>>> print(open('my_file-v2.pdb').read())   # PDB, C-alpha atoms
ATOM      1  CA  MET F  23     -78.168-184.056  90.608
ATOM      2  CA  GLY F  24     -75.539-183.963  93.356
ATOM      3  CA  LEU F  25     -74.310-180.743  94.903
ATOM      4  CA  GLU F  26     -70.753-180.309  96.138
ATOM      5  CA  PHE F  27     -70.675-177.763  98.931
ATOM      6  CA  LYS F  28     -68.213-176.210 101.382
ATOM      7  CA  ASN F  29     -69.895-173.243 103.056
ATOM      8  CA  VAL F  30     -73.062-173.861 105.058
ATOM      9  CA  LEU F  31     -75.342-171.583 107.061
ATOM     10  CA  VAL F  32     -77.266-173.328 109.854
ATOM     11  CA  THR F  33     -80.004-171.290 111.510
ATOM     12  CA  GLY F  34     -81.162-172.319 114.967
ATOM     13  CA  VAL F  35     -77.655-173.647 115.555
ATOM     14  CA  ALA F  36     -78.030-173.661 119.357
ATOM     15  CA  GLY F  37     -81.217-175.705 119.056
ATOM     16  CA  PHE F  38     -81.472-179.475 119.315
ATOM     17  CA  ILE F  39     -81.326-180.414 115.617
ATOM     18  CA  GLY F  40     -79.271-177.393 114.560
ATOM     19  CA  PHE F  41     -76.533-178.222 117.070
ATOM     20  CA  HIS F  42     -76.296-181.855 115.987
ATOM     21  CA  LEU F  43     -76.194-180.927 112.296
ATOM     22  CA  ALA F  44     -73.503-178.291 112.824
ATOM     23  CA  TYR F  45     -71.411-180.731 114.890
ATOM     24  CA  ARG F  46     -71.601-183.370 112.142
ATOM     25  CA  LEU F  47     -70.709-180.863 109.411
ATOM     26  CA  LEU F  48     -67.819-179.376 111.379
ATOM     27  CA  LYS F  49     -66.379-182.829 112.095
ATOM     28  CA  ASP F  50     -66.597-183.560 108.375
ATOM     29  CA  GLY F  51     -64.575-180.426 107.600
ATOM     30  CA  TYR F  52     -67.269-178.118 106.246
ATOM     31  CA  SER F  53     -67.188-174.396 106.994
ATOM     32  CA  VAL F  54     -70.241-173.589 109.121
ATOM     33  CA  VAL F  55     -71.780-170.262 110.088
ATOM     34  CA  GLY F  56     -74.412-170.597 112.789
ATOM     35  CA  ILE F  57     -77.218-168.200 113.690
ATOM     36  CA  ASP F  58     -79.366-168.292 116.822
ATOM     37  CA  ASN F  59     -81.212-165.705 118.898
ATOM     38  CA  LEU F  60     -80.988-167.869 122.055
ATOM     39  CA  ASN F  61     -84.604-167.167 122.919
ATOM     40  CA  PRO F  62     -85.761-168.198 126.411
ATOM     41  CA  TYR F  63     -88.579-170.564 125.335
ATOM     42  CA  TYR F  64     -86.542-173.198 127.178
ATOM     43  CA  ASP F  65     -83.327-173.237 129.238
ATOM     44  CA  VAL F  66     -80.866-170.848 127.587
ATOM     45  CA  ASN F  67     -77.982-172.481 129.477
ATOM     46  CA  LEU F  68     -78.608-175.736 127.604
ATOM     47  CA  LYS F  69     -78.374-173.799 124.333
ATOM     48  CA  LYS F  70     -75.149-172.133 125.465
ATOM     49  CA  ASP F  71     -73.699-175.505 126.470
ATOM     50  CA  ARG F  72     -74.471-176.860 123.001
ATOM     51  CA  LEU F  73     -72.622-173.882 121.512
ATOM     52  CA  LYS F  74     -69.640-174.600 123.780
ATOM     53  CA  GLU F  75     -69.362-178.002 122.081
ATOM     54  CA  LEU F  76     -69.054-176.231 118.708
ATOM     55  CA  GLU F  77     -66.715-173.390 119.703
ATOM     56  CA  PRO F  78     -63.453-175.422 119.566
ATOM     57  CA  PHE F  79     -63.886-175.926 115.811
ATOM     58  CA  SER F  80     -61.860-173.356 113.854
ATOM     59  CA  ASN F  81     -64.263-173.769 110.915
ATOM     60  CA  PHE F  82     -67.221-172.499 113.001
ATOM     61  CA  GLN F  83     -68.502-168.937 113.303
ATOM     62  CA  PHE F  84     -71.498-167.887 115.418
ATOM     63  CA  HIS F  85     -73.806-164.879 115.152
ATOM     64  CA  GLY F  86     -76.346-164.173 117.868
ATOM     65  CA  ILE F  87     -79.020-162.550 115.734
ATOM     66  CA  ASP F  88     -82.750-162.845 115.134
ATOM     67  CA  LEU F  89     -83.990-163.901 111.691
ATOM     68  CA  SER F  90     -86.788-161.345 111.918
ATOM     69  CA  ARG F  91     -84.159-158.570 111.634
ATOM     70  CA  LEU F  92     -83.479-158.463 107.908
ATOM     71  CA  ASP F  93     -80.544-156.026 108.027
ATOM     72  CA  ASP F  94     -78.612-158.222 110.477
ATOM     73  CA  LEU F  95     -79.276-161.320 108.393
ATOM     74  CA  ALA F  96     -78.378-159.664 105.093
ATOM     75  CA  ALA F  97     -75.046-158.497 106.544
ATOM     76  CA  ILE F  98     -74.065-162.146 107.142
ATOM     77  CA  PHE F  99     -74.968-163.116 103.577
ATOM     78  CA  LYS F 100     -73.064-160.110 102.200
ATOM     79  CA  ALA F 101     -69.922-161.154 104.084
ATOM     80  CA  ARG F 102     -69.716-164.598 102.457
ATOM     81  CA  PRO F 103     -71.669-166.744 100.003
ATOM     82  CA  PHE F 104     -73.335-169.951 101.175
ATOM     83  CA  ASP F 105     -73.605-173.079  99.079
ATOM     84  CA  VAL F 106     -76.345-174.500 101.293
ATOM     85  CA  VAL F 107     -78.583-172.856 103.888
ATOM     86  CA  VAL F 108     -80.325-175.143 106.388
ATOM     87  CA  ASN F 109     -83.136-173.411 108.243
ATOM     88  CA  LEU F 110     -83.718-175.073 111.619
ATOM     89  CA  ALA F 111     -84.647-171.863 113.445
ATOM     90  CA  ALA F 112     -88.257-171.676 114.562
ATOM     91  CA  GLN F 113     -90.459-170.939 117.502
ATOM     92  CA  ALA F 114     -91.121-174.538 118.473
ATOM     93  CA  GLY F 115     -93.934-176.203 120.387
ATOM     94  CA  VAL F 116     -97.559-176.948 119.603
ATOM     95  CA  ARG F 117     -99.093-176.074 122.978
ATOM     96  CA  TYR F 118     -97.147-172.813 123.399
ATOM     97  CA  SER F 119     -98.598-171.589 120.088
ATOM     98  CA  LEU F 120    -101.979-171.386 121.810
ATOM     99  CA  GLU F 121    -100.516-168.968 124.370
ATOM    100  CA  ASN F 122     -98.144-166.816 122.337
ATOM    101  CA  PRO F 123     -99.129-166.777 118.647
ATOM    102  CA  HIS F 124     -97.113-163.673 117.779
ATOM    103  CA  ALA F 125     -93.829-165.409 118.603
ATOM    104  CA  TYR F 126     -94.645-167.897 115.828
ATOM    105  CA  VAL F 127     -95.460-165.178 113.312
ATOM    106  CA  ASP F 128     -92.174-163.345 113.981
ATOM    107  CA  ALA F 129     -89.877-166.388 113.946
ATOM    108  CA  ASN F 130     -91.593-168.804 111.578
ATOM    109  CA  LEU F 131     -93.094-166.412 109.025
ATOM    110  CA  VAL F 132     -91.246-163.073 109.057
ATOM    111  CA  GLY F 133     -87.914-164.762 109.734
ATOM    112  CA  PHE F 134     -88.459-167.333 106.997
ATOM    113  CA  VAL F 135     -89.340-164.723 104.362
ATOM    114  CA  ASN F 136     -86.194-162.791 105.314
ATOM    115  CA  LEU F 137     -84.163-165.951 104.817
ATOM    116  CA  LEU F 138     -85.777-166.631 101.430
ATOM    117  CA  GLU F 139     -84.974-163.071 100.340
ATOM    118  CA  CYS F 140     -81.327-163.446 101.345
ATOM    119  CA  CYS F 141     -81.006-166.826  99.614
ATOM    120  CA  ARG F 142     -82.514-165.285  96.495
ATOM    121  CA  HIS F 143     -80.366-162.154  96.395
ATOM    122  CA  TYR F 144     -77.101-163.807  97.414
ATOM    123  CA  SER F 145     -77.283-166.813  95.067
ATOM    124  CA  THR F 146     -77.632-169.650  97.576
ATOM    125  CA  LYS F 147     -77.503-172.949  95.690
ATOM    126  CA  HIS F 148     -79.895-174.914  97.934
ATOM    127  CA  LEU F 149     -82.205-174.004 100.812
ATOM    128  CA  VAL F 150     -83.155-176.932 103.029
ATOM    129  CA  PHE F 151     -85.753-176.084 105.656
ATOM    130  CA  ALA F 152     -87.426-177.807 108.588
ATOM    131  CA  SER F 153     -91.100-178.465 108.235
ATOM    132  CA  SER F 154     -92.948-180.762 110.625
ATOM    133  CA  SER F 155     -95.157-183.832 110.831
ATOM    134  CA  SER F 156     -97.675-181.482 112.462
ATOM    135  CA  VAL F 157     -98.656-180.190 108.986
ATOM    136  CA  TYR F 158    -100.681-183.391 108.517
ATOM    137  CA  GLY F 159    -103.124-181.953 111.064
ATOM    138  CA  ALA F 160    -106.555-183.545 110.785
ATOM    139  CA  ASN F 161    -105.384-186.173 108.238
ATOM    140  CA  THR F 162    -106.068-189.713 109.425
ATOM    141  CA  ARG F 163    -104.934-191.876 106.487
ATOM    142  CA  MET F 164    -101.751-193.628 107.577
ATOM    143  CA  PRO F 165     -98.887-193.600 106.931
ATOM    144  CA  PHE F 166     -98.720-189.864 106.188
ATOM    145  CA  SER F 167     -97.509-189.266 102.638
ATOM    146  CA  VAL F 168     -95.987-186.124 101.126
ATOM    147  CA  HIS F 169     -98.371-186.686  98.230
ATOM    148  CA  ASP F 170    -101.411-186.136 100.487
ATOM    149  CA  ASN F 171    -103.141-182.780 100.792
ATOM    150  CA  VAL F 172    -102.262-181.007 104.071
ATOM    151  CA  ASP F 173    -104.736-178.127 104.241
ATOM    152  CA  HIS F 174    -106.234-178.799 107.678
ATOM    153  CA  PRO F 175    -103.708-177.850 110.398
ATOM    154  CA  VAL F 176    -104.869-178.104 114.005
ATOM    155  CA  SER F 177    -102.368-175.709 115.629
ATOM    156  CA  LEU F 178    -100.856-172.352 114.759
ATOM    157  CA  TYR F 179     -97.410-173.978 114.846
ATOM    158  CA  ALA F 180     -98.518-176.434 112.156
ATOM    159  CA  ALA F 181    -100.032-173.606 110.109
ATOM    160  CA  THR F 182     -96.724-171.697 110.141
ATOM    161  CA  LYS F 183     -94.838-174.803 108.998
ATOM    162  CA  LYS F 184     -97.303-175.358 106.151
ATOM    163  CA  SER F 185     -96.841-171.668 105.306
ATOM    164  CA  ASN F 186     -93.076-172.204 105.078
ATOM    165  CA  GLU F 187     -93.664-174.887 102.473
ATOM    166  CA  LEU F 188     -95.905-172.570 100.439
ATOM    167  CA  LEU F 189     -93.487-169.642 100.674
ATOM    168  CA  ALA F 190     -90.549-171.829  99.636
ATOM    169  CA  HIS F 191     -92.470-173.142  96.640
ATOM    170  CA  THR F 192     -93.260-169.586  95.565
ATOM    171  CA  TYR F 193     -89.559-168.652  95.583
ATOM    172  CA  SER F 194     -88.693-171.838  93.695
ATOM    173  CA  HIS F 195     -91.323-170.890  91.095
ATOM    174  CA  LEU F 196     -90.520-167.183  90.806
ATOM    175  CA  PHE F 197     -86.742-167.176  91.158
ATOM    176  CA  GLY F 198     -85.633-170.757  90.481
ATOM    177  CA  LEU F 199     -84.338-171.096  94.050
ATOM    178  CA  PRO F 200     -83.920-174.827  94.792
ATOM    179  CA  THR F 201     -85.760-175.539  98.066
ATOM    180  CA  THR F 202     -86.333-178.782  99.962
ATOM    181  CA  GLY F 203     -88.648-179.098 102.963
ATOM    182  CA  LEU F 204     -88.207-181.832 105.559
ATOM    183  CA  ARG F 205     -91.132-182.936 107.693
ATOM    184  CA  PHE F 206     -89.532-184.196 110.907
ATOM    185  CA  PHE F 207     -91.373-186.765 113.014
ATOM    186  CA  THR F 208     -90.960-186.506 116.831
ATOM    187  CA  VAL F 209     -87.192-186.165 117.109
ATOM    188  CA  TYR F 210     -85.485-187.308 120.335
ATOM    189  CA  GLY F 211     -82.000-188.017 121.655
ATOM    190  CA  PRO F 212     -79.045-186.533 123.577
ATOM    191  CA  TRP F 213     -79.040-182.734 123.938
ATOM    192  CA  GLY F 214     -82.793-182.788 123.292
ATOM    193  CA  ARG F 215     -85.418-180.174 124.066
ATOM    194  CA  PRO F 216     -86.581-179.932 127.704
ATOM    195  CA  ASP F 217     -90.199-179.316 126.596
ATOM    196  CA  MET F 218     -90.393-182.679 124.806
ATOM    197  CA  ALA F 219     -91.941-185.775 126.395
ATOM    198  CA  LEU F 220     -88.749-187.817 126.832
ATOM    199  CA  PHE F 221     -86.984-184.990 128.668
ATOM    200  CA  LEU F 222     -90.018-184.178 130.840
ATOM    201  CA  PHE F 223     -90.625-187.828 131.706
ATOM    202  CA  THR F 224     -86.982-188.510 132.582
ATOM    203  CA  LYS F 225     -86.752-185.471 134.839
ATOM    204  CA  ALA F 226     -90.016-186.293 136.620
ATOM    205  CA  ILE F 227     -89.287-189.991 137.115
ATOM    206  CA  LEU F 228     -85.814-189.324 138.534
ATOM    207  CA  SER F 229     -87.376-186.708 140.855
ATOM    208  CA  LYS F 230     -90.078-189.226 141.859
ATOM    209  CA  LYS F 231     -92.794-186.921 140.573
ATOM    210  CA  PRO F 232     -95.813-187.949 138.464
ATOM    211  CA  ILE F 233     -95.633-187.662 134.676
ATOM    212  CA  GLN F 234     -98.476-186.178 132.635
ATOM    213  CA  VAL F 235     -99.611-188.763 130.092
ATOM    214  CA  PHE F 236    -101.955-187.278 127.507
ATOM    215  CA  ASN F 237    -104.721-189.210 125.761
ATOM    216  CA  TYR F 238    -104.284-191.800 128.551
ATOM    217  CA  GLY F 239    -101.088-193.049 126.895
ATOM    218  CA  ASN F 240    -102.858-194.096 123.701
ATOM    219  CA  MET F 241    -101.008-191.591 121.510
ATOM    220  CA  GLN F 242     -98.818-193.053 118.781
ATOM    221  CA  ARG F 243     -95.693-191.272 117.587
ATOM    222  CA  ASP F 244     -93.110-192.012 114.926
ATOM    223  CA  PHE F 245     -90.232-191.364 117.349
ATOM    224  CA  THR F 246     -87.111-190.621 115.289
ATOM    225  CA  TYR F 247     -83.606-190.689 116.752
ATOM    226  CA  ILE F 248     -81.500-187.569 116.220
ATOM    227  CA  ASP F 249     -78.611-189.314 114.408
ATOM    228  CA  ASP F 250     -81.072-190.648 111.819
ATOM    229  CA  ILE F 251     -82.460-187.153 111.306
ATOM    230  CA  ILE F 252     -78.964-185.718 110.794
ATOM    231  CA  GLU F 253     -77.986-188.418 108.311
ATOM    232  CA  GLY F 254     -81.139-187.700 106.337
ATOM    233  CA  VAL F 255     -80.578-183.937 106.355
ATOM    234  CA  HIS F 256     -76.934-184.348 105.330
ATOM    235  CA  ARG F 257     -77.871-186.486 102.342
ATOM    236  CA  VAL F 258     -80.709-184.169 101.301
ATOM    237  CA  MET F 259     -78.363-181.164 101.373
ATOM    238  CA  LYS F 260     -76.446-182.730  98.476
ATOM    239  CA  LYS F 261     -79.610-183.623  96.563
ATOM    240  CA  LEU F 262     -80.679-180.615  94.512
ATOM    241  CA  PRO F 263     -84.418-180.734  93.836
ATOM    242  CA  ALA F 264     -85.250-180.881  90.148
ATOM    243  CA  PRO F 265     -88.529-180.039  88.421
ATOM    244  CA  ASP F 266     -90.779-183.103  88.139
ATOM    245  CA  PRO F 267     -91.575-183.676  84.434
ATOM    246  CA  GLN F 268     -94.627-185.749  85.439
ATOM    247  CA  TRP F 269     -96.179-182.925  87.465
ATOM    248  CA  SER F 270     -99.566-181.790  86.180
ATOM    249  CA  GLY F 271    -101.761-178.868  87.129
ATOM    250  CA  ASN F 272    -104.788-181.056  86.403
ATOM    251  CA  ALA F 273    -103.872-183.356  89.275
ATOM    252  CA  PRO F 274    -101.354-181.354  91.331
ATOM    253  CA  ASP F 275     -99.031-183.461  93.480
ATOM    254  CA  PRO F 276     -98.270-181.620  96.774
ATOM    255  CA  GLY F 277     -94.959-183.492  97.237
ATOM    256  CA  THR F 278     -93.271-182.443  93.979
ATOM    257  CA  SER F 279     -93.483-179.562  91.505
ATOM    258  CA  TYR F 280     -92.708-178.204  88.046
ATOM    259  CA  ALA F 281     -90.339-175.924  90.037
ATOM    260  CA  PRO F 282     -87.085-177.025  91.771
ATOM    261  CA  TYR F 283     -88.932-177.888  95.001
ATOM    262  CA  ARG F 284     -89.401-181.103  96.974
ATOM    263  CA  ILE F 285     -90.881-182.235 100.287
ATOM    264  CA  TYR F 286     -89.732-185.318 102.220
ATOM    265  CA  ASN F 287     -90.817-187.020 105.430
ATOM    266  CA  ILE F 288     -88.069-188.061 107.839
ATOM    267  CA  GLY F 289     -89.542-190.455 110.370
ATOM    268  CA  ASN F 290     -88.760-193.821 111.881
ATOM    269  CA  ASN F 291     -91.583-195.427 109.875
ATOM    270  CA  GLN F 292     -92.521-197.444 112.995
ATOM    271  CA  PRO F 293     -95.069-195.671 115.204
ATOM    272  CA  VAL F 294     -94.851-196.516 118.897
ATOM    273  CA  GLU F 295     -97.555-196.161 121.538
ATOM    274  CA  LEU F 296     -96.719-193.624 124.213
ATOM    275  CA  LYS F 297     -97.315-196.336 126.837
ATOM    276  CA  ARG F 298     -94.586-198.476 125.266
ATOM    277  CA  PHE F 299     -92.246-195.485 125.037
ATOM    278  CA  ILE F 300     -92.682-194.926 128.784
ATOM    279  CA  GLU F 301     -92.054-198.624 129.526
ATOM    280  CA  VAL F 302     -88.721-198.520 127.678
ATOM    281  CA  LEU F 303     -87.743-195.356 129.559
ATOM    282  CA  GLU F 304     -88.658-196.980 132.900
ATOM    283  CA  ASP F 305     -86.480-199.973 132.008
ATOM    284  CA  GLN F 306     -83.516-197.737 131.178
ATOM    285  CA  LEU F 307     -83.906-195.709 134.371
ATOM    286  CA  GLY F 308     -84.596-198.761 136.512
ATOM    287  CA  MET F 309     -87.551-196.885 138.037
ATOM    288  CA  ARG F 310     -91.324-196.965 137.625
ATOM    289  CA  ALA F 311     -93.278-193.831 136.687
ATOM    290  CA  GLU F 312     -96.271-192.504 138.568
ATOM    291  CA  LYS F 313     -98.687-191.632 135.743
ATOM    292  CA  ASP F 314    -101.130-188.725 135.763
ATOM    293  CA  LEU F 315    -103.462-189.792 132.919
ATOM    294  CA  GLN F 316    -105.068-186.895 131.056
ATOM    295  CA  GLU F 317    -107.212-186.177 128.012
ATOM    296  CA  MET F 318    -105.610-185.168 124.739
ATOM    297  CA  GLN F 319    -104.492-181.534 124.609
ATOM    298  CA  PRO F 320    -105.855-178.987 122.100
ATOM    299  CA  GLY F 321    -103.679-178.883 118.995
ATOM    300  CA  ASP F 322    -102.390-182.446 119.478
ATOM    301  CA  VAL F 323    -103.076-185.359 117.147
ATOM    302  CA  PRO F 324    -103.600-188.988 118.218
ATOM    303  CA  ALA F 325    -101.010-190.533 115.895
ATOM    304  CA  THR F 326     -98.157-189.829 113.489
ATOM    305  CA  TYR F 327     -96.656-192.314 111.047
ATOM    306  CA  ALA F 328     -94.319-191.390 108.185
ATOM    307  CA  ASN F 329     -94.267-192.807 104.686
ATOM    308  CA  ILE F 330     -90.583-192.408 103.764
ATOM    309  CA  ASP F 331     -90.580-193.988 100.308
ATOM    310  CA  ASP F 332     -89.705-190.707  98.588
ATOM    311  CA  LEU F 333     -86.782-190.024 100.926
ATOM    312  CA  TYR F 334     -85.396-193.524 100.391
ATOM    313  CA  GLU F 335     -85.789-193.276  96.630
ATOM    314  CA  ALA F 336     -84.062-189.875  96.550
ATOM    315  CA  VAL F 337     -81.110-190.416  98.901
ATOM    316  CA  GLY F 338     -81.044-194.137  99.733
ATOM    317  CA  PHE F 339     -81.593-193.693 103.446
ATOM    318  CA  LYS F 340     -84.255-194.473 106.024
ATOM    319  CA  PRO F 341     -84.112-194.107 109.828
ATOM    320  CA  MET F 342     -83.444-197.401 111.598
ATOM    321  CA  THR F 343     -82.619-196.701 115.266
ATOM    322  CA  PRO F 344     -85.057-198.573 117.575
ATOM    323  CA  ILE F 345     -86.418-196.702 120.601
ATOM    324  CA  GLU F 346     -84.665-199.146 122.946
ATOM    325  CA  GLU F 347     -81.285-197.972 121.642
ATOM    326  CA  GLY F 348     -82.234-194.320 121.236
ATOM    327  CA  ILE F 349     -83.696-193.973 124.728
ATOM    328  CA  ARG F 350     -80.667-195.749 126.229
ATOM    329  CA  ARG F 351     -78.353-193.184 124.639
ATOM    330  CA  PHE F 352     -80.558-190.318 125.806
ATOM    331  CA  VAL F 353     -80.627-191.532 129.418
ATOM    332  CA  GLU F 354     -76.860-191.973 129.352
ATOM    333  CA  TRP F 355     -76.429-188.380 128.149
ATOM    334  CA  TYR F 356     -79.032-186.990 130.575
ATOM    335  CA  LYS F 357     -77.410-188.520 133.645
ATOM    336  CA  SER F 358     -73.963-187.372 132.492
ATOM    337  CA  TYR F 359     -75.106-183.810 131.717
ATOM    338  CA  TYR F 360     -77.118-183.233 134.890
ATOM    339  CA  THR F 361     -74.796-184.931 137.384
ATOM    340  CA  SER F 362     -71.368-183.872 136.066
TER     341      SER F 362
END
>>> encode(input="my_file-v2.pdb", output="structure tokens")
Amino acid sequence: MGLEFKNVLVTGVAGFIGFHLAYRLLKDGYSVVGIDNLNPYYDVNLKKDRLKELEPFSNFQFHGIDLSRLDDLAAIFKARPFDVVVNLAAQAGVRYSLENPHAYVDANLVGFVNLLECCRHYSTKHLVFASSSSVYGANTRMPFSVHDNVDHPVSLYAATKKSNELLAHTYSHLFGLPTTGLRFFTVYGPWGRPDMALFLFTKAILSKKPIQVFNYGNMQRDFTYIDDIIEGVHRVMKKLPAPDPQWSGNAPDPGTSYAPYRIYNIGNNQPVELKRFIEVLEDQLGMRAEKDLQEMQPGDVPATYANIDDLYEAVGFKPMTPIEEGIRRFVEWYKSYYTS
């Protein structure tokens, strides 16, 4: 069933994915309200510069609030109804969750329940929320499928994302709230996050400093270009989840439900070795990297690889951008942003 929508709430709008989604929606003429608490996990100036790109749009409104503050959030919902809410706000980062677990509880759990409550009470037609490939945790059967059990997370970040999926399902079951979770696979591109590998590597190589290469470069990631992610999200927003008539409690399928709830992977479906990723970056920069080879970090997994059959069947789209093109565009943006 297709959903026609006009008014959209994007949480985490100053973040990497939130910014790109809002920009696409605003260009397409949708009315967008953005929420972000501009937390200092990484460079706040980068977040503010993303917002500056959105400010010229007359159909954009920004609120600098924290999702963990229910009264502030409810006031926004009271002021106007939303056809679709896209939750991209979260305390990000696997390694940081080992140092500051409470930040993840406040943003990813308390904030998410507050959002569910507002969607429920203010008749939101569709809640789309960011999950993560990290929920696959200790799973080793590749490619990762939404129909696989994901009960063995290996980081607190992953556990909070799995919790989001469970909480959303509960609201779909209890209140009939249509919810769709999207498991993103290693997103990269212009305006990206400075804590992610591509950003860190580019900065270090240009500064002629060594790059930290975990698991000796033998990690594999399903690197997914930002424009592909946004196209997938945009299509999913229009795709209301419907109860699956084939679902059975005798053999419960984690990817679908008897409730209006669905989970999709969005990944490039072509895992790339970290060593190859670095080679492509070196080619684009015209410089070689000095590599500091290290063991795998706690909370990391050796490989990610998305099965995207369900996404393609539902919305007719699969990511296609090769890393050669995606990294080229990132380097172009990086040099422009940091030298202009």
>>> resolve_selection(input="my_file-v2.pdb", expression="the PyMOL selection byres ((chain F and resi 314-330) around 8)", output="PyMOL selection string")
chain F and resi 116-117+155+159-160+164-168+176-177+207+232-244+286-293+312-313+331-334+340
>>> write_last_selection(input="my_file-v2.pdb", atoms="C-alpha atoms", output="PDB file, keeping the file's coordinate frame")
ATOM      1  CA  VAL F 116     -97.559-176.948 119.603  1.00  0.00           C
ATOM      2  CA  ARG F 117     -99.093-176.074 122.978  1.00  0.00           C
ATOM      3  CA  SER F 155     -95.157-183.832 110.831  1.00  0.00           C
ATOM      4  CA  GLY F 159    -103.124-181.953 111.064  1.00  0.00           C
ATOM      5  CA  ALA F 160    -106.555-183.545 110.785  1.00  0.00           C
ATOM      6  CA  MET F 164    -101.751-193.628 107.577  1.00  0.00           C
ATOM      7  CA  PRO F 165     -98.887-193.600 106.931  1.00  0.00           C
ATOM      8  CA  PHE F 166     -98.720-189.864 106.188  1.00  0.00           C
ATOM      9  CA  SER F 167     -97.509-189.266 102.638  1.00  0.00           C
ATOM     10  CA  VAL F 168     -95.987-186.124 101.126  1.00  0.00           C
ATOM     11  CA  VAL F 176    -104.869-178.104 114.005  1.00  0.00           C
ATOM     12  CA  SER F 177    -102.368-175.709 115.629  1.00  0.00           C
ATOM     13  CA  PHE F 207     -91.373-186.765 113.014  1.00  0.00           C
ATOM     14  CA  PRO F 232     -95.813-187.949 138.464  1.00  0.00           C
ATOM     15  CA  ILE F 233     -95.633-187.662 134.676  1.00  0.00           C
ATOM     16  CA  GLN F 234     -98.476-186.178 132.635  1.00  0.00           C
ATOM     17  CA  VAL F 235     -99.611-188.763 130.092  1.00  0.00           C
ATOM     18  CA  PHE F 236    -101.955-187.278 127.507  1.00  0.00           C
ATOM     19  CA  ASN F 237    -104.721-189.210 125.761  1.00  0.00           C
ATOM     20  CA  TYR F 238    -104.284-191.800 128.551  1.00  0.00           C
ATOM     21  CA  GLY F 239    -101.088-193.049 126.895  1.00  0.00           C
ATOM     22  CA  ASN F 240    -102.858-194.096 123.701  1.00  0.00           C
ATOM     23  CA  MET F 241    -101.008-191.591 121.510  1.00  0.00           C
ATOM     24  CA  GLN F 242     -98.818-193.053 118.781  1.00  0.00           C
ATOM     25  CA  ARG F 243     -95.693-191.272 117.587  1.00  0.00           C
ATOM     26  CA  ASP F 244     -93.110-192.012 114.926  1.00  0.00           C
ATOM     27  CA  TYR F 286     -89.732-185.318 102.220  1.00  0.00           C
ATOM     28  CA  ASN F 287     -90.817-187.020 105.430  1.00  0.00           C
ATOM     29  CA  ILE F 288     -88.069-188.061 107.839  1.00  0.00           C
ATOM     30  CA  GLY F 289     -89.542-190.455 110.370  1.00  0.00           C
ATOM     31  CA  ASN F 290     -88.760-193.821 111.881  1.00  0.00           C
ATOM     32  CA  ASN F 291     -91.583-195.427 109.875  1.00  0.00           C
ATOM     33  CA  GLN F 292     -92.521-197.444 112.995  1.00  0.00           C
ATOM     34  CA  PRO F 293     -95.069-195.671 115.204  1.00  0.00           C
ATOM     35  CA  GLU F 312     -96.271-192.504 138.568  1.00  0.00           C
ATOM     36  CA  LYS F 313     -98.687-191.632 135.743  1.00  0.00           C
ATOM     37  CA  ASP F 331     -90.580-193.988 100.308  1.00  0.00           C
ATOM     38  CA  ASP F 332     -89.705-190.707  98.588  1.00  0.00           C
ATOM     39  CA  LEU F 333     -86.782-190.024 100.926  1.00  0.00           C
ATOM     40  CA  TYR F 334     -85.396-193.524 100.391  1.00  0.00           C
ATOM     41  CA  LYS F 340     -84.255-194.473 106.024  1.00  0.00           C
TER      42      LYS F 340
END
>>> closest_residue(input="my_file-v2.pdb", among="F:Gly34, F:Gly308, F:Pro200, F:Pro212", to="F:Lys260", atoms="only C-alpha atoms")
F:Pro200
>>> residues_near_point(input="my_file-v2.pdb", point="(-89.4, -169.9, 90.8)", cutoff="12 Å", atoms="all atoms listed in the file", output="PDB file with C-alpha atoms, in the frame of the given file")
ATOM      1  CA  LEU F 138     -85.777-166.631 101.430  1.00  0.00           C
ATOM      2  CA  ARG F 142     -82.514-165.285  96.495  1.00  0.00           C
ATOM      3  CA  LEU F 188     -95.905-172.570 100.439  1.00  0.00           C
ATOM      4  CA  LEU F 189     -93.487-169.642 100.674  1.00  0.00           C
ATOM      5  CA  ALA F 190     -90.549-171.829  99.636  1.00  0.00           C
ATOM      6  CA  HIS F 191     -92.470-173.142  96.640  1.00  0.00           C
ATOM      7  CA  THR F 192     -93.260-169.586  95.565  1.00  0.00           C
ATOM      8  CA  TYR F 193     -89.559-168.652  95.583  1.00  0.00           C
ATOM      9  CA  SER F 194     -88.693-171.838  93.695  1.00  0.00           C
ATOM     10  CA  HIS F 195     -91.323-170.890  91.095  1.00  0.00           C
ATOM     11  CA  LEU F 196     -90.520-167.183  90.806  1.00  0.00           C
ATOM     12  CA  PHE F 197     -86.742-167.176  91.158  1.00  0.00           C
ATOM     13  CA  GLY F 198     -85.633-170.757  90.481  1.00  0.00           C
ATOM     14  CA  LEU F 199     -84.338-171.096  94.050  1.00  0.00           C
ATOM     15  CA  PRO F 200     -83.920-174.827  94.792  1.00  0.00           C
ATOM     16  CA  THR F 201     -85.760-175.539  98.066  1.00  0.00           C
ATOM     17  CA  ALA F 264     -85.250-180.881  90.148  1.00  0.00           C
ATOM     18  CA  PRO F 265     -88.529-180.039  88.421  1.00  0.00           C
ATOM     19  CA  SER F 279     -93.483-179.562  91.505  1.00  0.00           C
ATOM     20  CA  TYR F 280     -92.708-178.204  88.046  1.00  0.00           C
ATOM     21  CA  ALA F 281     -90.339-175.924  90.037  1.00  0.00           C
ATOM     22  CA  PRO F 282     -87.085-177.025  91.771  1.00  0.00           C
ATOM     23  CA  TYR F 283     -88.932-177.888  95.001  1.00  0.00           C
TER      24      TYR F 283
END
>>> residues_around(input="my_file-v2.pdb", residues="F:Ala180", least_positions_apart="2", cutoff="12 Å", atoms="only C-alpha atoms", output="number ranges by chain")
F: 112-120, 123, 126-127, 130-131, 152-160, 172-178, 182-187, 205-206, 321-323
>>> resolve_selection(input="my_file-v2.pdb", expression="the PyMOL selection byres ((chain F and resi 26) around 12)", output="list in words")
Met23, Gly24, Leu25, Phe27, Lys28, Asn29, Val30, Tyr52, Phe104, Asp105, Val106, Lys147, His148, His256, Arg257, Val258, Met259, Lys260, Lys261 and Leu262 of chain F
